[in-house]
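The structure appears right after this line, and notes come after that.
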Amino acid sequence: MGLAVLALASLGASPGAGPGAGPGAGPGPSPDPAGLARFYGQRIRWGGCPEQPGAPAAMRCGTLTVPLDHADPAKGTTRIAMARIPANGRKRLGSLLLNFGGPGAQGIESLAADPKAFADLGESYDLVAFDPRGVGHSDPVSCGGALDAQSPPGDDPAARLAALRAVVKSCEKHSGPVLPYIGTVHAARDMDVMRQVLGEKKLNYLGFSYGTRLGAVYAAQFPRNVGRMVLDGVDTLAEPLDQQALVSAQGQQQALDNFLSWCTHQSGCVYGTNTRTAKERVNALAARLGKEPLIGGDGSAFTGEDLAVAIGSALYSRETWPALAEGLAMAERDGDPTGLLELGGPTGPPPPGSESPAPAADKVPADNMQAALIAVSCADDPDRGDAKASPAAIEKEIQARAAEFRAASPIFGPLQLGTVLSCYGRPAGSGFLRTIDRPGAPPMLLVGTRGDPATPYRWTEETAARLGAAVVLDYKGDGHAAYLHSGCVRESVNAFLVDGELASGTRACPAGE
């Protein structure tokens with residue numbers, strides 16, 4: 001397994017130097033754009049989108065210039081790639097900024113791939129997407145292939161930590177000047193420049209998964225500039241990365257339990273009709289593959305870790321549950337991992353809202369999504385542990401937590417345990433997210449899904465309390481984020497964004513639509 005990558009990739013909404021301890025350090029930037037007039041006053045030259053060959057004909061692309069450090073513009077600049085699909089209806093409400101998740105996902109590519117999913121909003125709004133700094137076509141970061149390195153053989157803790165430090169150095173070497181200024185605090189400040197350049201007094205925004213963290217941090221820094229904001233699949237603002245990993249393992253296990261309950265009530269489920277024994281059998285499959293991997297058609301090994309990634313990918317949408325049931329049946333009955341590989345894993349497609357499809361052009365490094373995922377997640381987390389601890393002490397701490405992670409989920413826990421060391425060797429990140437406390441933004445809509453495998457519902461309630469004026473929409477269904485899965489959720493979101501209709505308190509949408 002690539003060093004500390006698989007675990008972070010399985011975090012739903014979350015992983016560089018961070019703004020809290022490196023360049024741009026501080027308790028959180030001031031919302032005052034003093035000294036930034038040349039950035040706020042620029043104009044985007046919209047043109048074609050040659051790097052998005054499948055983009056709709058109406059889409060136009062352009063580039064925004066922002067300071068590396070908004071608190072000290074003299075340190076240099078970086079570029080932000082943006083795209084816009086003009087509104088096509090009579091009721092024009094300006095621009096709606098979208099972020100589809102990540103961190104590390106290319107926003108422009110996501111909008112170009114499925115603009116029809118937002119057709120109702122596109123009648124009233126210009127749909128605007130962007131690649132956050134360091135991502136995609138926005139001066140992408142890279143680790144030069146070092147993230148694919150395997151853990152050193154043997155059980156030498158010092159060798160493993162040395163390998164992680166080598167990865168960090170490779171990331172610094174291949175990423176350019178943007179790496180010390182990556183992270184959600186900086187990206188949210190970029191969004192305020194976008195707001196002004198798009199000609200909007202208030203930012204109207206729809207964010208999914210990691211995009212909810214980005215929206216919340218924007219609201220904390222620029223509460224007076226918030227317009228109509230919807231956050232779907234709500235991320236945590238308070239929990240450290242290792243705790244996020246533990247909670248994610250619990251959420252993934254709950255989602256897997258829901259799937260197995262569904263499967264055992266379907267004709268032909270490979271695990272029969274007993275949910276308890278179904279759980280035991282899928283756990284046994286993971287343990288067996290950890291010792292004796294299946295061999296794919298191309299000769300590659302399909303391990304227990306690969307099984308966890310494939311199942312986790314399929315749990316993002318209830319629509320893929322039948323395919324997951326078939327993939328598990330092929331693995332159990334025929335020893336064939338093909339069906340699971342088609343769902344996700346080493347060579348399959350990533351889960352929506354977590355990773356980006358293959359880059360559209362050679363300008364984007366092949367490892368950019370993974371490099372940005374780690375860099376942003378570490379930049380948002382100030383915890384680094386004892387820098388003077390010996391390798392043996394660090395190894396002992398990890399082993400002590402192994403039981404805790406396995407108890408959370410026999411399948412996903414061991415994979416998520418790798419997150420504990422994901423930021424080793426990197427400067428401490430910003431603590432700004434943990435200081436957010438009722439910043440005074442206007443009411444916004446937060447959507448949480450009860451069976452979400454990536455962003456547990458409790459994070460929706462916790463983030464709503466930290467933001468203050470937030471209305472919670474409780475979707476009783478399964479999958480990651482709800483706007484594309486529930487007509488009830490979509491109706492409520494559209495009513496708020498288009499007509500400003502927002503009921504107070506907590507509302508609910510049923511499962512099974």
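If you're wondering about the labels, chains in the structure tokens are A, B, ... by order shown, residues count from 1 in each chain, ligands from 1 in order shown.
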Using DSSP on the backbone coordinates, identify the residues of region 157-396 of chain A assigned to helix (DSSP H, G or I); present them as an mmCIF file with C-alpha atoms, in the first residue's frame.
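File result.cif, as written:
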```cif
data_model
loop_
_atom_site.group_PDB
_atom_site.id
_atom_site.type_symbol
_atom_site.label_atom_id
_atom_site.label_comp_id
_atom_site.auth_asym_id
_atom_site.auth_seq_id
_atom_site.Cartn_x
_atom_site.Cartn_y
_atom_site.Cartn_z
ATOM 1 C CA PRO A 157 9.861 1.547 12.737
ATOM 2 C CA ALA A 158 12.783 3.882 12.011
ATOM 3 C CA ALA A 159 12.874 2.780 8.363
ATOM 4 C CA ARG A 160 9.152 3.374 7.949
ATOM 5 C CA LEU A 161 9.336 6.870 9.443
ATOM 6 C CA ALA A 162 12.345 7.685 7.300
ATOM 7 C CA ALA A 163 10.345 6.651 4.248
ATOM 8 C CA LEU A 164 7.537 8.999 5.261
ATOM 9 C CA ARG A 165 10.002 11.877 5.650
ATOM 10 C CA ALA A 166 11.339 11.101 2.174
ATOM 11 C CA VAL A 167 7.805 11.379 0.788
ATOM 12 C CA VAL A 168 7.420 14.819 2.366
ATOM 13 C CA LYS A 169 10.680 16.016 0.826
ATOM 14 C CA SER A 170 9.607 14.711 -2.581
ATOM 15 C CA CYS A 171 6.303 16.572 -2.285
ATOM 16 C CA GLU A 172 8.142 19.789 -1.434
ATOM 17 C CA LYS A 173 10.484 19.286 -4.394
ATOM 18 C CA HIS A 174 7.757 18.701 -6.990
ATOM 19 C CA SER A 175 4.969 21.012 -5.829
ATOM 20 C CA LEU A 179 2.457 23.959 -1.174
ATOM 21 C CA PRO A 180 3.165 25.994 2.010
ATOM 22 C CA TYR A 181 -0.026 27.982 1.317
ATOM 23 C CA THR A 184 -8.930 25.382 3.454
ATOM 24 C CA VAL A 185 -8.229 28.696 5.178
ATOM 25 C CA HIS A 186 -6.379 29.982 2.104
ATOM 26 C CA ALA A 187 -8.828 28.414 -0.381
ATOM 27 C CA ALA A 188 -11.770 30.081 1.355
ATOM 28 C CA ARG A 189 -10.083 33.471 1.001
ATOM 29 C CA ASP A 190 -9.684 32.733 -2.709
ATOM 30 C CA MET A 191 -13.448 32.258 -2.847
ATOM 31 C CA ASP A 192 -14.030 35.800 -1.649
ATOM 32 C CA VAL A 193 -11.912 37.108 -4.513
ATOM 33 C CA MET A 194 -14.043 34.963 -6.838
ATOM 34 C CA ARG A 195 -17.206 36.482 -5.364
ATOM 35 C CA GLN A 196 -16.049 40.017 -6.107
ATOM 36 C CA VAL A 197 -14.672 39.238 -9.554
ATOM 37 C CA TYR A 210 -15.186 18.528 1.714
ATOM 38 C CA GLY A 211 -16.915 21.437 0.005
ATOM 39 C CA THR A 212 -18.963 21.844 3.185
ATOM 40 C CA ARG A 213 -15.790 22.462 5.168
ATOM 41 C CA LEU A 214 -14.752 25.021 2.583
ATOM 42 C CA GLY A 215 -18.131 26.752 2.815
ATOM 43 C CA ALA A 216 -18.115 26.766 6.609
ATOM 44 C CA VAL A 217 -14.627 28.265 6.749
ATOM 45 C CA TYR A 218 -15.703 30.919 4.243
ATOM 46 C CA ALA A 219 -18.712 31.769 6.415
ATOM 47 C CA ALA A 220 -16.438 32.059 9.459
ATOM 48 C CA GLN A 221 -14.054 34.459 7.712
ATOM 49 C CA PRO A 223 -19.933 36.195 7.514
ATOM 50 C CA ARG A 224 -21.226 39.468 6.055
ATOM 51 C CA ASN A 225 -20.552 38.240 2.521
ATOM 52 C CA LEU A 241 -7.430 13.827 11.622
ATOM 53 C CA ASP A 242 -6.926 10.613 13.578
ATOM 54 C CA GLN A 243 -10.332 10.991 15.226
ATOM 55 C CA GLN A 244 -11.878 11.704 11.834
ATOM 56 C CA ALA A 245 -10.409 8.414 10.661
ATOM 57 C CA LEU A 246 -11.904 6.532 13.602
ATOM 58 C CA VAL A 247 -15.334 8.108 13.119
ATOM 59 C CA SER A 248 -15.140 7.411 9.380
ATOM 60 C CA ALA A 249 -14.423 3.741 10.087
ATOM 61 C CA GLN A 250 -17.516 3.658 12.300
ATOM 62 C CA GLY A 251 -19.599 5.372 9.624
ATOM 63 C CA GLN A 252 -18.371 3.015 6.912
ATOM 64 C CA GLN A 253 -19.157 0.018 9.107
ATOM 65 C CA GLN A 254 -22.684 1.291 9.731
ATOM 66 C CA ALA A 255 -23.152 1.775 5.992
ATOM 67 C CA LEU A 256 -21.832 -1.749 5.354
ATOM 68 C CA ASP A 257 -24.239 -3.124 7.972
ATOM 69 C CA ASN A 258 -27.096 -1.334 6.196
ATOM 70 C CA PHE A 259 -26.006 -2.835 2.895
ATOM 71 C CA LEU A 260 -25.787 -6.352 4.321
ATOM 72 C CA SER A 261 -29.231 -5.979 5.874
ATOM 73 C CA TRP A 262 -30.524 -5.031 2.434
ATOM 74 C CA CYS A 263 -28.602 -7.832 0.706
ATOM 75 C CA THR A 275 -27.611 -10.479 8.627
ATOM 76 C CA ARG A 276 -25.410 -11.522 11.568
ATOM 77 C CA THR A 277 -23.740 -14.350 9.719
ATOM 78 C CA ALA A 278 -23.429 -12.119 6.646
ATOM 79 C CA LYS A 279 -21.287 -9.708 8.696
ATOM 80 C CA GLU A 280 -19.133 -12.592 9.891
ATOM 81 C CA ARG A 281 -18.623 -13.905 6.366
ATOM 82 C CA VAL A 282 -17.614 -10.568 4.830
ATOM 83 C CA ASN A 283 -15.182 -10.039 7.728
ATOM 84 C CA ALA A 284 -13.785 -13.499 7.048
ATOM 85 C CA LEU A 285 -13.366 -12.625 3.366
ATOM 86 C CA ALA A 286 -11.335 -9.544 4.275
ATOM 87 C CA ALA A 287 -9.145 -11.551 6.661
ATOM 88 C CA ARG A 288 -8.631 -14.260 4.064
ATOM 89 C CA LEU A 289 -7.613 -11.772 1.369
ATOM 90 C CA GLY A 290 -5.160 -10.216 3.810
ATOM 91 C CA LYS A 291 -3.289 -13.530 3.805
ATOM 92 C CA GLY A 304 -7.979 -7.180 2.053
ATOM 93 C CA GLU A 305 -7.102 -3.481 1.816
ATOM 94 C CA ASP A 306 -8.320 -3.451 -1.770
ATOM 95 C CA LEU A 307 -11.574 -5.058 -0.639
ATOM 96 C CA ALA A 308 -12.073 -2.315 1.958
ATOM 97 C CA VAL A 309 -11.515 0.403 -0.639
ATOM 98 C CA ALA A 310 -13.853 -1.276 -3.166
ATOM 99 C CA ILE A 311 -16.658 -1.767 -0.639
ATOM 100 C CA GLY A 312 -16.180 1.763 0.694
ATOM 101 C CA SER A 313 -16.465 3.156 -2.831
ATOM 102 C CA ALA A 314 -19.685 1.262 -3.514
ATOM 103 C CA ARG A 318 -27.328 3.049 -2.828
ATOM 104 C CA GLU A 319 -27.587 2.744 -6.606
ATOM 105 C CA THR A 320 -24.367 0.708 -6.610
ATOM 106 C CA TRP A 321 -25.542 -1.770 -3.960
ATOM 107 C CA PRO A 322 -26.712 -4.388 -6.511
ATOM 108 C CA ALA A 323 -23.315 -4.220 -8.222
ATOM 109 C CA LEU A 324 -21.586 -4.595 -4.858
ATOM 110 C CA ALA A 325 -23.708 -7.669 -4.084
ATOM 111 C CA GLU A 326 -22.732 -9.163 -7.443
ATOM 112 C CA GLY A 327 -19.048 -8.317 -6.953
ATOM 113 C CA LEU A 328 -18.972 -9.986 -3.550
ATOM 114 C CA ALA A 329 -20.726 -13.026 -5.018
ATOM 115 C CA MET A 330 -18.078 -13.320 -7.743
ATOM 116 C CA ALA A 331 -15.304 -13.072 -5.171
ATOM 117 C CA GLU A 332 -16.862 -15.588 -2.779
ATOM 118 C CA ARG A 333 -18.062 -18.160 -5.311
ATOM 119 C CA ASP A 334 -15.484 -17.902 -8.078
ATOM 120 C CA THR A 338 -13.335 -8.330 -11.329
ATOM 121 C CA GLY A 339 -16.710 -7.115 -10.104
ATOM 122 C CA LEU A 340 -15.189 -5.452 -7.050
ATOM 123 C CA LEU A 341 -12.444 -3.845 -9.127
ATOM 124 C CA GLU A 342 -15.101 -2.318 -11.361
ATOM 125 C CA LEU A 343 -16.653 -0.669 -8.302
ATOM 126 C CA ASN A 368 -2.164 15.395 -7.931
ATOM 127 C CA MET A 369 -5.395 14.231 -6.318
ATOM 128 C CA GLN A 370 -3.556 12.161 -3.710
ATOM 129 C CA ALA A 371 -0.904 14.820 -3.127
ATOM 130 C CA ALA A 372 -3.516 17.531 -2.616
ATOM 131 C CA LEU A 373 -5.669 15.254 -0.454
ATOM 132 C CA ILE A 374 -2.836 14.763 2.014
ATOM 133 C CA ALA A 375 -1.538 18.333 1.831
ATOM 134 C CA VAL A 376 -4.910 19.968 2.489
ATOM 135 C CA SER A 377 -5.903 17.565 5.250
ATOM 136 C CA CYS A 378 -2.616 18.097 7.038
ATOM 137 C CA ALA A 379 -2.777 21.859 6.516
ATOM 138 C CA PRO A 391 10.379 5.606 16.302
ATOM 139 C CA ALA A 392 9.802 2.779 18.782
ATOM 140 C CA ALA A 393 7.535 4.995 20.909
ATOM 141 C CA ILE A 394 5.521 6.078 17.866
ATOM 142 C CA GLU A 395 5.163 2.479 16.747
ATOM 143 C CA LYS A 396 4.009 1.491 20.227
#
```
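Of the residues in region 79-203 of chain A, those given strand (DSSP E) by DSSP on the backbone are Arg79, Ile80, Ala81, Met82, Ala83, Arg84, Ile85, Ser95, Leu96, Leu97, Leu98, Asn99, Asp126, Leu127, Val128, Ala129, Phe130 and Leu203 of chain A.
Between CA of Lys388 (chain A) and CA of Val420 (chain A) lies a distance of 16.5 Å.
Compared by their closest atoms to Met444 (chain A), and using only C-alpha atoms, the residues A:Pro337, A:Gly41, A:Gly227, A:Gly296 rank with A:Gly227 nearest.
You can rank A:Tyr475, A:Tyr205, A:Phe100, A:Tyr271 by their closest distance to Leu121 (chain A) using only C-alpha atoms, and at the top of that list sits A:Tyr205.
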One decimal, in Å: what's the spacing between CA of Ala105 (chain A) and CA of Val141 (chain A)?
12.3 Å
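Using only C-alpha atoms, the protein and nucleic acid residues lying no more than 8 Å from region 59-61 of chain A, apart from those fewer than 3 places from it along its own chain, are A:Trp46, A:Gly47, A:Gly48, A:Cys49, A:Ala55, A:Pro56, A:Ala81, A:Met82, A:Ala83, A:Arg84, A:Ile85, A:Pro86, A:Ala112.
Computed from the coordinates, the CA of Val489 (chain A) to CA of Leu473 (chain A) distance equals 7.6 Å.
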